[in-house]
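Q: Okay, here's the structure, questions in a sec.
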Amino acid sequence: MPIAISKKSLKWIIPAIAVVAIAFFGYQYWRTRQFAVPEGIAYGNGRIEAKLVDAVAKDALRVKEIFVDEGDLVKPGQVLVRLDTNTFDAQLEEAKYKVSTAEERVASANYAVVRQKSLVENAKIEFDRTRKLVEANALSQRELDARTTNLETSQAAYDEEVAKLRTSQQEVEVAKANVATIQTHIDDATLKSPVLGRVLYRLAEPGEM
């Protein structure tokens with residue numbers, strides 16, 4: 001059933017509708033301004049998952065220096081913390097001294113091998129000379145036996161010196177490996193950032209373990 005609206009009523013309804021419309025759009029504009037972000041900044045809804053990485057010392061050492069604060073942005077390879085390595089430094093000096101000592105023993109053993117090798121060669125020469133004289137009946141078998149014993153003794157002494165040289169060389173390798181191990185501990189005492197990220201927590205301060 002049609003409803004008749006008089007011209008007088010229509011005169012009041014239209015302005016009322018306009019006021020309501022203005023109020024609605026004005027409220028929407030105000031709400032938009034409330035959540036507006038600066039120009040050039042993007043925003044949206046979503047979920048961000050951060051990868052947490054701990055910078056942890058492999059040895060229980062005292063913190064010497066910390067170079068970053070919470071909230072700092074760090075790059076891969078950037079030094080974060082340096083630990084006190086006085087104990088390892090002393091061990092490293094001792095290990096290097098052992099390397100030097102072992103290398104001196106190698107040098108001495110080398111000299112002994114060379115010297116004993118010359119004695120073996122001389123003993124072989126005397127043995128061959130005596131053998132030929134014995135075959136020519138110019139010397140007795142007793143002289144050849146003495147040269148044989150001397151050659152065998154010289155050869156045994158040479159073999160012993162070679163064994164000592166190998167042992168000394170092994171001692172050098174062991175000493176060098178010990179130096180490398182201690183140096184690794186010292187290197188590990190400098191904590192570096194493995195990733196590009198931001199520091200969330202400082203769980204230790206200088207002077208603490």
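Just remember, in the structure tokens the first chain shown is A, the second B, etc., residues are 1-based per chain, and ligands are 1-based in the order shown.
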Which neighbours of Val79 in chain A fall inside 7 Å, counting only C-alpha atoms, when residues of the same chain fewer than 6 positions from it are skipped, and could you give them as a PyMOL selection string?
A: chain A and resi 190-193
Q: Tell me which protein, DNA and RNA residues are within 10 Å of Arg105 in chain A, counting only C-alpha atoms, leaving out same-chain ones fewer than 6 positions away, and put them as a ChimeraX atom specification.
A: /A:99,111,164-165,167-169,171-172
Q: For each of A:Leu151, A:Gln170, A:Ala189, A:Arg202, take the minimum atom-to-atom distance to Lys64 in chain A, counting only C-alpha atoms, then give the residue where this is smallest.
A: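 Going through A:Leu151, A:Gln170, A:Ala189, A:Arg202 one by one, the smallest distance to Lys64 in chain A is for A:Ala189.
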Q: By how many Å are CA of Leu203 in chain A and CA of Ala90 in chain A apart?
A: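 Interatomic distance, CA of Leu203 in chain A to CA of Ala90 in chain A: 27.9 Å.
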Q: CA of Tyr158 in chain A and CA of Ala109 in chain A, how far apart in Å?
A: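 Going from CA of Ala109 in chain A over to CA of Tyr158 in chain A covers 10.8 Å.
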Q: Which residue is closest to Arg62 in chain A? Choose from A:Asp145, A:Gln78, A:Asn86, A:Ala50 and count only C-alpha atoms.
A: A:Asn86
Q: Expressed in Å to a single decimal, how great is the separation between CA of Asp59 in chain A and CA of Val179 in chain A?
A: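 Computed distance, CA of Asp59 in chain A to CA of Val179 in chain A, equals 16.8 Å.
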Q: Tell me which of A:Thr101, A:Asp84, A:Val114, A:Ala163 sits closest to Glu65 in chain A, counting only C-alpha atoms.
A: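 Going through A:Thr101, A:Asp84, A:Val114, A:Ala163 one by one, the smallest distance to Glu65 in chain A is for A:Asp84.
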Q: Go through range 30-188 of chain A and collect every residue that DSSP, computed from the backbone, puts in strand (DSSP E); the answer should be as a list in words.
A: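 Of range 30-188 of chain A, the ones in strand (DSSP E) are Val63, Lys64, Glu65, Ile66, Leu73, Val74, Val79, Leu80, Val81, Arg82 and Leu83 of chain A.
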Q: For C-alpha atoms, I'd like the residues from the last selection saved as a short mmCIF file (atom, residue, chain, number, x, y, z; two decimals), in the first residue's frame.
A:
data_model
loop_
_atom_site.label_atom_id
_atom_site.label_comp_id
_atom_site.auth_asym_id
_atom_site.auth_seq_id
_atom_site.Cartn_x
_atom_site.Cartn_y
_atom_site.Cartn_z
CA VAL A 63 83.51 -12.35 30.43
CA LYS A 64 86.17 -9.76 29.61
CA GLU A 65 84.43 -7.38 27.20
CA ILE A 66 80.94 -7.02 25.71
CA LEU A 73 71.60 -4.69 15.15
CA VAL A 74 74.57 -6.97 14.46
CA VAL A 79 82.43 -9.56 17.50
CA LEU A 80 79.91 -9.64 20.34
CA VAL A 81 81.88 -10.76 23.39
CA ARG A 82 85.51 -11.42 24.26
CA LEU A 83 86.24 -13.80 27.13
#
Q: Could you please write out, as a PyMOL selection string, every residue of range 20-170 of chain A that DSSP assigns to helix (DSSP H, G or I)?
A: chain A and resi 20-34+86-135+141-170
Q: Taking only C-alpha atoms into account, which of A:Ile22, A:Ser100, A:Ala55, A:Glu173 comes nearest Val199 in chain A?
A: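 Using only C-alpha atoms, Val199 in chain A sits closest to A:Ala55.
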Q: Here is a test: counting only C-alpha atoms, which residue of A:Ala157, A:Phe127, A:Lys96, A:Val68 is nearest to Ala112 in chain A?
A: A:Ala157
Q: Pick out the closest residue to Thr184 in chain A from this set: A:Ala60, A:Asp69, A:Leu144, A:Leu92. Count only C-alpha atoms.
A: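 Smallest separation from Thr184 in chain A among the options: A:Leu92.
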